[in-house]
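Here the structure is laid out as structure tokens; the discussion comes afterwards.
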Amino acid sequence: MHCYDVIAQSSSHTGYMLKQVLLVGALIFTIPVNSFGSSLEINTTNGASLYIDGNKIQPQNEMQSRFLIPASIFTDSTDVLQATLSADNHRPRQFTISSQIVANTKEIDMYLAPLPLWLIWGKEIIGLSIVLVGILVGFIISRKAFLKKQTDQPETKVQSQDSVNKLNHYTLLDHIASGGISEIYRATDENENLIALKVMTNYLDDDDLKSKFIGEGMVLTNINKRFPDAPIIKVYDYGYEDDDRSKRPYIAMELIEGTSLKSLIEKGNLSHDQKIEIIIQLIDALAATHSLDTLHRDIAPDNVLIKDKNTDTEICLIDFGVAKHEVEWLKGKSYGAAYGKPEYMSPEQFDGASDIDYRSDYYSLGVLIYALFCGGPPFKDTNIYRVGEMHKKETLPPISRDVPPNIRVLIIHLMEKDPAERPQSPSEIKSYLNLN
């Protein structure tokens, strides 16, 4: 036994001198020799490769397990050479070989130790792991991209062919309008009656908004029962898809085929009497709403529909989606936030006050009357914060002399910055219209 774990078995005559040389050879990391023989045969692991000083030695058999090292490989100036023996899935061995061992040793056995399985398969396992990790990362990235695309797209009411046509016992016919959190569809009920179906389609994970949405249906139903003749949109039903609170809430309501007051104001062809008739109906709508401790908070021309295109007088107040309801289970549902259209909001609404009352709606009514007679609201700016400052601090712009004096006075009083300075009741507002 000697250096680099080489098992050398000599078949030549050896003696005491050889043993001593072997010991010295082991100490200097070379194979000890004597003066016998002219070549060295190395028996090793099948499929091995042998390199001496970088030169490949050809095997002596097809199994590549036997190599013959001739003495002629050495030169006068080279007595020791570096050798490397290797085979697939085995530990390689490096050793030195001298001209003396070739001359004096006939044969040695030098078998390579096999590598552990984890090393043999290490590269394959690592390669496979990299491929699998790449596939997993690709899947995650693709999934995120898909979900982001779905999220970025406007969420529509429909998810499947069935939901395109049906929601509970309602059949959807076509799309009418879109809102911030909902869509409105023309639909029919189980008796084939035409209705408008308002469906919450966005922010369905927000229980607060879903409660407020259902609250609109509930409050409108109460107003309809108490004041069936009030010019307010009629609600027939409200609830959740499949009666499941985790799904989409809806409100089934009266279908109005008319136009909006906003459109008529833009056309500018309403007569004085038509304007007065519209104002009276709006006062009645607010009276009914306020009597049930409800504030509309979004009085504006596009929330007033004209039922009859021919007469341009019968109106319907709609969109109680941001109304403040004094209902026990709805209390605390984000009512301190600012809601409404900036051009028609009261000064106190811009402050997000939670204690606003019916007089805030009166201020918005004053802005609407101003728009009705002057063609548009008094305070406008692309910056909504600037609009808020105008409502809170700036003086009302001069009203055209073409507007009747009593209407000018009514607008000024309704748009007082201080709610206490505004009219305090529907009858007081009507008193400015000279109805007697």
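Each chain in the structure tokens gets a letter, A, B and so on, in the order shown; residues start at 1 in every chain, and ligands are counted from 1 in the order they appear.
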Can you list, as a PDB file with C-alpha atoms, in the first residue's frame, every protein, DNA or RNA residue that comes within 10 Å of Gly375 of chain A when you count only C-alpha atoms, leaving out same-chain residues fewer than 6 positions away?
ATOM      1  CA  LYS A 262     -79.167  68.079 -18.299  1.00  0.00           C
ATOM      2  CA  LEU A 264     -82.794  69.937 -21.959  1.00  0.00           C
ATOM      3  CA  ILE A 265     -80.689  72.612 -20.242  1.00  0.00           C
ATOM      4  CA  GLU A 266     -78.002  72.200 -22.885  1.00  0.00           C
ATOM      5  CA  LYS A 267     -80.605  72.619 -25.636  1.00  0.00           C
ATOM      6  CA  GLY A 268     -81.914  75.781 -23.937  1.00  0.00           C
ATOM      7  CA  LEU A 368     -79.661  73.499 -10.315  1.00  0.00           C
ATOM      8  CA  ILE A 369     -82.114  76.409 -10.604  1.00  0.00           C
TER       9      ILE A 369
END
Run DSSP on the backbone of this structure and report the residues of segment 132-320 of chain A it assigns to strand (DSSP E or B), as a VMD selection string. chain A and resid 166 to 167 170 to 178 182 to 188 194 to 200 232 235 to 240 249 to 253 259 to 260 294 to 295 304 to 306 315 to 317
If you run DSSP over the backbone, which residues in segment 308-428 of chain A end up helix (DSSP H, G or I)? Put them as number ranges by chain. A: 328-330, 342-344, 347-350, 358-374, 384-393, 405-414, 419-421, 426-428
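In terms of minimum interatomic distance to Pro228 of chain A, A:Ala288 ranks closest within A:Ile181, A:Leu410, A:Leu197, A:Ala288, counting only C-alpha atoms.
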If we count only C-alpha atoms, what is near Pro419 of chain A at a cut-off of 9 Å, once residues fewer than 4 positions away on the same chain are taken out, given as a PyMOL selection string? chain A and resi 348+357+359-360+362-363+414-415+423-424
Generate a file of the selected residues that holds N, CA and C atoms, formatted as a JSON list (two decimals), in the first residue's frame.
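What landed in part.json:
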[["chain", "number", "residue", "atom", "x", "y", "z"],
["A", 348, "GLU", "N", -70.57, 72.61, 2.76],
["A", 348, "GLU", "CA", -70.33, 71.66, 3.85],
["A", 348, "GLU", "C", -70.01, 70.25, 3.33],
["A", 357, "ASP", "N", -77.25, 68.36, 6.80],
["A", 357, "ASP", "CA", -78.67, 68.06, 6.88],
["A", 357, "ASP", "C", -79.36, 68.41, 5.56],
["A", 359, "ARG", "N", -80.59, 70.95, 4.40],
["A", 359, "ARG", "CA", -80.30, 72.23, 3.77],
["A", 359, "ARG", "C", -79.14, 72.14, 2.77],
["A", 360, "SER", "N", -78.37, 71.05, 2.87],
["A", 360, "SER", "CA", -77.33, 70.81, 1.86],
["A", 360, "SER", "C", -77.98, 70.52, 0.51],
["A", 362, "TYR", "N", -80.84, 71.66, -0.34],
["A", 362, "TYR", "CA", -81.41, 72.94, -0.78],
["A", 362, "TYR", "C", -80.36, 73.76, -1.54],
["A", 363, "TYR", "N", -79.15, 73.76, -1.03],
["A", 363, "TYR", "CA", -78.07, 74.48, -1.74],
["A", 363, "TYR", "C", -77.91, 73.92, -3.15],
["A", 414, "LEU", "N", -80.97, 80.25, -1.56],
["A", 414, "LEU", "CA", -80.67, 78.81, -1.50],
["A", 414, "LEU", "C", -79.17, 78.55, -1.46],
["A", 415, "MET", "N", -78.39, 79.45, -2.06],
["A", 415, "MET", "CA", -76.94, 79.25, -2.15],
["A", 415, "MET", "C", -76.16, 80.05, -1.10],
["A", 423, "PRO", "N", -83.39, 78.97, 2.99],
["A", 423, "PRO", "CA", -84.78, 78.61, 3.34],
["A", 423, "PRO", "C", -84.78, 77.34, 4.18],
["A", 424, "GLN", "N", -85.74, 77.21, 5.07],
["A", 424, "GLN", "CA", -85.73, 76.12, 6.05],
["A", 424, "GLN", "C", -86.79, 75.06, 5.79]]
Residues near Glu343 of chain A, cut-off 7 Å, only C-alpha atoms, skip fewer than 6 positions along chain, as a PyMOL selection string: chain A and resi 377+379-380+387
For Phe74 of chain A, find every residue with an atom within 12 Å (counting only C-alpha atoms), except residues of its own chain fewer than 4 positions away, and show them as number ranges by chain. A: 38-39, 52-53, 69-70, 78-82, 97-103
Nearest residue to Gln94 of chain A from the set A:Leu173, A:Ile57, A:Ile318, A:Leu50 (distances using only C-alpha atoms): A:Leu50
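Atom CA of Pro378 of chain A lies 9.2 Å from atom CA of Pro398 of chain A.
When only C-alpha atoms are used to measure the gap to Arg93 of chain A, the shortest distance among A:Ser427, A:Ser77, A:Ser129, A:Thr44 belongs to A:Thr44.
The smallest atom-to-atom distance between Asn224 of chain A and any of A:Thr45, A:Asn202, A:Thr395, A:Thr289, using only C-alpha atoms, is found for A:Thr289.
Residue nearest His169 of chain A within the list A:Ser425, A:Asn193, A:Thr96, A:Ser182: A:Asn193 [criterion: smallest interatomic distance, only C-alpha atoms].
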Can you work out the spacing between atom CA of Met345 of chain A and atom CA of Ser364 of chain A in Å, to one decimal? 5.8 Å
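Every protein or nucleic acid residue with an atom no more than 6 Å from Ala187 of chain A, counting only C-alpha atoms and leaving out same-chain residues fewer than 6 positions away, appears here: Thr171, Leu172, Leu173, Leu194, Ile195 and Ala196 of chain A.
Considering only C-alpha atoms, the residue among A:Tyr370, A:Phe350, A:Asn269, A:Ile42 positioned nearest to Ile399 of chain A is A:Tyr370.
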